[in-house]
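Chemist: Sending over final_31.txt (compact mmCIF, C-alpha atoms and all ligand atoms).
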```txt
# COMPACT_ATOMS: atom_id res chain seq x y z
CA MET A 201 0.20 -27.35 -15.36
CA ASN A 202 1.33 -23.98 -14.12
CA VAL A 203 3.30 -23.79 -10.89
CA ILE A 204 3.35 -20.54 -8.98
CA LYS A 205 6.14 -19.81 -6.50
CA SER A 206 6.38 -16.96 -4.06
CA ASP A 207 9.69 -15.17 -3.45
CA LEU A 208 8.52 -13.94 -0.06
CA GLU A 209 7.19 -16.09 2.72
CA LYS A 210 3.88 -15.12 4.25
CA ASP A 211 5.51 -14.32 7.60
CA ASP A 212 7.85 -11.89 5.88
CA LEU A 213 4.90 -10.15 4.27
CA VAL A 214 3.06 -9.96 7.55
CA LYS A 215 6.07 -8.23 9.07
CA LEU A 216 6.37 -5.98 6.06
CA ILE A 217 2.84 -4.56 6.33
CA ASN A 218 3.11 -4.44 10.10
CA GLY A 219 6.20 -2.29 10.31
CA GLY A 220 8.61 -5.16 10.92
CA LYS A 221 6.53 -6.66 13.69
CA PRO A 222 4.74 -10.02 13.77
CA ALA A 223 1.02 -9.99 13.01
CA ARG A 224 -1.33 -8.86 15.73
CA GLY A 225 -4.93 -10.03 15.91
CA CYS A 226 -7.27 -11.32 13.28
CA LEU A 227 -7.44 -8.10 11.25
CA MET A 228 -3.75 -8.16 10.42
CA THR A 229 -3.83 -11.85 9.72
CA ARG A 230 -6.64 -11.45 7.24
CA ARG A 231 -5.07 -8.44 5.61
CA SER A 232 -1.74 -10.14 5.44
CA PHE A 233 -3.38 -13.08 3.78
CA LEU A 234 -4.93 -10.78 1.20
CA LEU A 235 -1.64 -9.00 0.83
CA THR A 236 0.09 -12.26 0.10
CA GLY A 237 -2.17 -12.69 -2.88
CA GLY A 238 -1.54 -9.11 -3.90
CA ILE A 239 2.19 -8.81 -4.20
CA ALA A 240 3.93 -12.11 -3.61
CA THR A 241 3.70 -13.71 -7.01
CA SER A 242 6.97 -13.17 -8.74
CA VAL A 243 7.86 -16.29 -10.69
CA VAL A 244 5.47 -18.33 -12.77
CA MET A 245 6.43 -21.55 -14.50
CA ILE A 246 4.51 -21.65 -17.74
CA GLY A 247 3.90 -24.87 -19.59
CA MET A 248 5.11 -24.72 -23.17
CA PRO A 249 2.53 -25.58 -25.85
CA GLY A 250 3.22 -28.99 -27.38
CA MET A 251 5.95 -29.80 -24.85
CA VAL A 252 4.38 -31.88 -22.10
CA ASP A 253 7.12 -31.64 -19.48
CA ALA A 254 8.81 -28.42 -20.53
CA GLN A 255 8.26 -25.37 -18.38
CA GLN A 256 9.54 -21.88 -18.92
CA PRO A 257 10.02 -19.34 -16.11
CA ALA A 258 8.24 -16.06 -16.74
CA VAL A 259 8.64 -12.90 -14.72
CA VAL A 260 5.39 -11.53 -13.36
CA SER A 261 5.04 -7.89 -12.45
CA THR A 262 6.53 -6.86 -9.13
CA TYR A 263 6.48 -3.52 -7.40
CA PRO A 264 9.45 -1.18 -7.63
CA ARG A 265 11.40 -0.33 -4.48
CA LYS A 266 11.42 3.44 -4.35
CA LEU A 267 13.20 5.68 -1.85
CA ILE A 268 10.62 8.08 -0.43
CA ALA A 269 12.11 9.90 2.55
CA ARG A 270 14.41 9.73 5.55
CA LEU A 271 12.77 8.77 8.80
CA SER A 272 14.83 11.27 10.81
CA GLU A 273 13.57 14.14 8.65
CA LEU A 274 9.86 13.47 9.13
CA ARG A 275 7.87 15.64 11.52
CA VAL A 276 4.53 14.70 13.05
CA ASP A 277 1.58 15.90 10.94
CA GLU A 278 3.78 17.29 8.16
CA PRO A 279 2.84 15.19 5.10
CA LEU A 280 5.15 14.59 2.21
CA ASP A 281 3.83 13.89 -1.29
CA PHE A 282 5.28 11.34 -3.68
CA GLU A 283 4.24 9.18 -6.61
CA TYR A 284 4.00 5.41 -6.52
CA PRO A 285 4.20 2.83 -8.01
CA ASP A 286 4.90 4.94 -11.10
CA GLU A 287 4.35 8.48 -12.32
CA GLY A 288 1.17 7.69 -14.21
CA ALA A 289 -2.42 8.66 -13.55
CA TYR A 290 -3.62 8.53 -9.94
CA ALA A 291 -0.15 7.72 -8.61
CA GLU A 292 0.06 10.68 -6.23
CA SER A 293 0.39 9.56 -2.63
CA ILE A 294 0.89 10.89 0.85
CA LEU A 295 3.53 9.88 3.40
CA VAL A 296 2.89 11.09 6.92
CA LYS A 297 4.14 10.55 10.45
CA LEU A 298 0.91 10.47 12.39
CA GLY A 299 2.29 10.66 15.90
CA ARG A 300 -0.06 7.81 16.74
CA GLU A 301 0.38 4.07 16.20
CA ALA A 302 -1.24 2.94 12.97
CA GLY A 303 -1.92 -0.26 11.07
CA GLY A 304 1.08 -0.92 8.87
CA GLY A 305 2.90 1.92 10.59
CA LEU A 306 6.66 2.11 10.18
CA GLY A 307 9.38 3.25 12.55
CA PRO A 308 9.93 2.94 16.30
CA ASP A 309 6.51 4.44 16.99
CA SER A 310 4.75 2.48 14.21
CA ASP A 311 3.23 5.74 13.08
CA VAL A 312 4.61 6.40 9.60
CA VAL A 313 2.12 5.46 6.88
CA ALA A 314 1.51 6.14 3.21
CA PHE A 315 -1.63 6.11 1.11
CA ASN A 316 -2.74 6.81 -2.41
CA TYR A 317 -4.41 10.21 -2.76
CA THR A 318 -7.29 9.22 -5.04
CA CYS A 319 -10.69 8.62 -3.48
CA THR A 320 -11.91 5.09 -4.08
CA HIS A 321 -15.47 6.26 -4.75
CA GLN A 322 -15.22 8.21 -7.98
CA GLY A 323 -11.66 9.41 -8.03
CA GLY A 324 -11.92 12.63 -6.10
CA PRO A 325 -8.56 14.27 -5.30
CA LEU A 326 -7.64 14.08 -1.61
CA GLN A 327 -4.51 16.22 -1.84
CA GLY A 328 -4.41 18.84 0.87
CA THR A 329 -7.14 17.24 2.98
CA TYR A 330 -5.00 15.68 5.72
CA GLN A 331 -6.62 16.27 9.11
CA ALA A 332 -4.01 16.21 11.85
CA ALA A 333 -6.55 16.13 14.66
CA ASP A 334 -8.26 12.98 13.40
CA LYS A 335 -5.33 11.39 11.54
CA ALA A 336 -7.60 11.22 8.53
CA LEU A 337 -7.69 12.11 4.86
CA GLY A 338 -10.74 13.97 3.64
CA PRO A 339 -13.44 14.97 3.32
CA CYS A 340 -13.25 14.23 -0.38
CA PRO A 341 -14.28 17.36 -2.33
CA LEU A 342 -16.78 15.39 -4.44
CA HIS A 343 -18.94 13.42 -1.99
CA LEU A 344 -17.29 14.00 1.37
CA THR A 345 -15.77 10.62 2.19
CA THR A 346 -13.16 10.67 4.93
CA PHE A 347 -10.59 7.91 5.45
CA ASP A 348 -8.90 6.82 8.69
CA LEU A 349 -5.12 6.62 8.24
CA THR A 350 -4.60 4.78 11.53
CA ARG A 351 -6.71 1.84 10.35
CA HIS A 352 -5.43 1.00 6.88
CA GLY A 353 -7.39 3.80 5.22
CA ILE A 354 -10.84 2.51 6.04
CA PHE A 355 -13.63 4.98 5.26
CA ILE A 356 -15.11 6.79 8.22
CA SER A 357 -18.01 8.49 6.51
CA GLY A 358 -19.21 9.49 3.06
CA GLN A 359 -19.97 7.70 -0.19
CA ALA A 360 -16.93 5.45 -0.66
CA TYR A 361 -17.15 1.83 0.43
CA GLN A 362 -13.57 0.76 -0.19
CA SER A 363 -10.50 1.64 1.87
CA LEU A 364 -7.87 3.92 0.49
CA PRO A 365 -5.02 1.94 -1.09
CA GLN A 366 -2.11 1.77 1.36
CA VAL A 367 1.46 2.02 0.17
CA LEU A 368 3.59 -0.63 1.86
CA LEU A 369 6.74 0.76 3.40
CA GLU A 370 10.08 -0.68 4.37
CA LEU A 371 12.75 0.84 6.60
CA ASP A 372 16.40 0.38 5.70
CA GLY A 373 18.52 2.25 8.22
CA ASP A 374 17.08 5.76 8.05
CA ASP A 375 15.70 5.33 4.54
CA ILE A 376 12.02 4.76 3.92
CA TYR A 377 11.19 2.82 0.79
CA ALA A 378 7.85 2.21 -0.88
CA VAL A 379 7.77 -1.46 -1.83
CA GLY A 380 4.19 -2.36 -2.70
CA MET A 381 0.51 -1.54 -2.56
CA PHE A 382 -2.40 -2.94 -0.65
CA GLY A 383 -5.60 -2.22 -2.53
CA LEU A 384 -6.37 -1.22 -6.09
CA ILE A 385 -5.75 2.37 -7.13
CA TYR A 386 -8.86 4.10 -8.47
CA GLY A 387 -9.02 4.18 -12.27
CA ARG A 388 -6.66 1.26 -12.79
CA ILE A 389 -7.30 -2.39 -13.55
CA ASP A 390 -3.77 -3.18 -12.37
CA ASN A 391 -1.73 -1.00 -10.03
CA LEU A 392 1.33 -1.50 -12.19
CA GLN A 393 -0.30 -0.37 -15.42
CA GLY A 394 -1.22 3.23 -14.80
S1 LIG A 401 -15.28 10.74 -5.22
FE1 LIG A 401 -14.73 10.89 -3.13
S2 LIG A 401 -16.58 10.57 -2.07
FE2 LIG A 401 -17.12 10.44 -4.15
```
Could I get this structure in the form of structure tokens?
Ligand code: FES
Modeler:
Amino acid sequence: MNVIKSDLEKDDLVKLINGGKPARGCLMTRRSFLLTGGIATSVVMIGMPGMVDAQQPAVVSTYPRKLIARLSELRVDEPLDFEYPDEGAYAESILVKLGREAGGGLGPDSDVVAFNYTCTHQGGPLQGTYQAADKALGPCPLHLTTFDLTRHGIFISGQAYQSLPQVLLELDGDDIYAVGMFGLIYGRIDNLQG
């Protein structure tokens, strides 16, 4: 029998996606639950063929911790581009201080968020489409979907029916790190195999 252990407790993950704060309301609880399934698995005990009681630890893919920016250097509505979780296809992402509290927002104002740039409909490029007035990304140049960055990248209008993958952030002093993903990047069957 396989035994799966998590190296992060659910409460820690809830705080992680919620900018260091406890979960608020049913939306965060549900998302945190989904998140737990998305990034927590780190150690799997695999039964060895022919050896009834023997189990071998195996490392399962985990997200890299990547330094993205310094909080003190961010300005409201001035996005910064980066790649995550690797430098492969569809890895381009946006980091932006919205100036408005957002789901998963980081920092004292809970307004720093990051998202993958690739439209979840058919892979349209969303680079350069940040709308400061609406705190949104889009419209997508292919079929006009727009995504709300204050609400975990949910689509506002257009053809897409899945939210934009959100990059999970962590604050360490003044340093902002990308530490995981919520949602599957377009064009990938696994976020870590681009
Ligand atoms: S690819 Fe973006 S809306 Fe279709």
Chemist: Here is a test: counting all atoms listed in the file, which residue of A:Pro365, A:Gly387, A:Pro341, A:Gly288 is nearest to Tyr317 (chain A)?
Modeler: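 Ranked by minimum distance to Tyr317 (chain A), first place goes to A:Pro365.
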Chemist: Give as a list in words the residues surrounding ligand LIG 401 (chain A) up to a distance of 9 Å, considering all atoms listed in the file.
Modeler: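 Listing the residues within 9 Å of ligand LIG 401 (chain A) gives Thr318, Cys319, Thr320, His321, Gln322, Gly323, Gly324, Pro325, Leu326, Gly338, Pro339, Cys340, Pro341, Leu342, His343, Leu344, Thr345, Thr346, Ser357, Gly358, Gln359 and Ala360 of chain A.
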Chemist: Please write the residues from the selection above to a file, keeping C-alpha atoms, as a CSV table (one decimal), keeping the file's coordinate frame.
Modeler:
```
chain,number,residue,atom,x,y,z
A,318,THR,CA,-7.3,9.2,-5.0
A,319,CYS,CA,-10.7,8.6,-3.5
A,320,THR,CA,-11.9,5.1,-4.1
A,321,HIS,CA,-15.5,6.3,-4.8
A,322,GLN,CA,-15.2,8.2,-8.0
A,323,GLY,CA,-11.7,9.4,-8.0
A,324,GLY,CA,-11.9,12.6,-6.1
A,325,PRO,CA,-8.6,14.3,-5.3
A,326,LEU,CA,-7.6,14.1,-1.6
A,338,GLY,CA,-10.7,14.0,3.6
A,339,PRO,CA,-13.4,15.0,3.3
A,340,CYS,CA,-13.2,14.2,-0.4
A,341,PRO,CA,-14.3,17.4,-2.3
A,342,LEU,CA,-16.8,15.4,-4.4
A,343,HIS,CA,-18.9,13.4,-2.0
A,344,LEU,CA,-17.3,14.0,1.4
A,345,THR,CA,-15.8,10.6,2.2
A,346,THR,CA,-13.2,10.7,4.9
A,357,SER,CA,-18.0,8.5,6.5
A,358,GLY,CA,-19.2,9.5,3.1
A,359,GLN,CA,-20.0,7.7,-0.2
A,360,ALA,CA,-16.9,5.4,-0.7
```
Chemist: Kindly indicate which residue among A:Lys297, A:Arg270, A:His352, A:Arg388 lies nearest to Ser310 (chain A), using all atoms listed in the file for the distances.
Modeler: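 Among the listed residues, the smallest separation from Ser310 (chain A) belongs to A:Lys297.
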Chemist: When you count all atoms listed in the file, which of these residues is closest to Arg265 (chain A): A:Glu370, A:Asp348, A:Glu292, A:Asp309?
Modeler: A:Glu370
Chemist: What's around Leu371 (chain A) at 8 Å? Count all atoms listed in the file, leave out sequence neighbours fewer than 6 positions away in its own chain, and write the answer as a list in words.
Modeler: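 That gives Leu306, Gly307 and Tyr377 of chain A.
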Chemist: Between A:Gly305, A:Gly373, A:Gly353, A:Gly299, which residue has the minimum interatomic distance to Ala269 (chain A), considering all atoms listed in the file?
Modeler: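 Residue with the minimum atom-to-atom distance to Ala269 (chain A): A:Gly373.
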Chemist: Find the residues near Leu392 (chain A): any atom within 9 Å, counting all atoms listed in the file, skip ones fewer than 4 places away on the same chain, and give them as a ChimeraX atom specification.
Modeler: /A:261-263,285-286,388
Chemist: For Ala336 (chain A), list every protein, DNA or RNA residue within 9 Å, evaluated using only C-alpha atoms, and leave out those in the same chain fewer than 5 positions away; present the list as a list of chain:residue names.
Modeler: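 The residues that qualify are A:Thr329, A:Tyr330, A:Gln331, A:Thr346, A:Phe347, A:Asp348, A:Leu349, A:Thr350, A:Gly353, A:Ile356.
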Chemist: Give the answer as one residue: which of A:Ala332, A:Asp390, A:Gln366, A:Arg351 has the shortest atom-to-atom distance to Gly303 (chain A), using only C-alpha atoms?
Modeler: A:Arg351
Chemist: I'd like the interatomic distance between CA of Leu369 (chain A) and CA of Ala314 (chain A), to a tenth of an Å.
Modeler: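 Result for CA of Leu369 (chain A) versus CA of Ala314 (chain A): 7.5 Å, one decimal.
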Chemist: Grab the CA of Ile294 (chain A) to CA of Asp372 (chain A) distance for me, in Å with one decimal place.
Modeler: 19.4 Å
Chemist: Please compute the CA of Ala333 (chain A)-CA of Arg275 (chain A) distance, one decimal, in Å.
Modeler: 14.8 Å
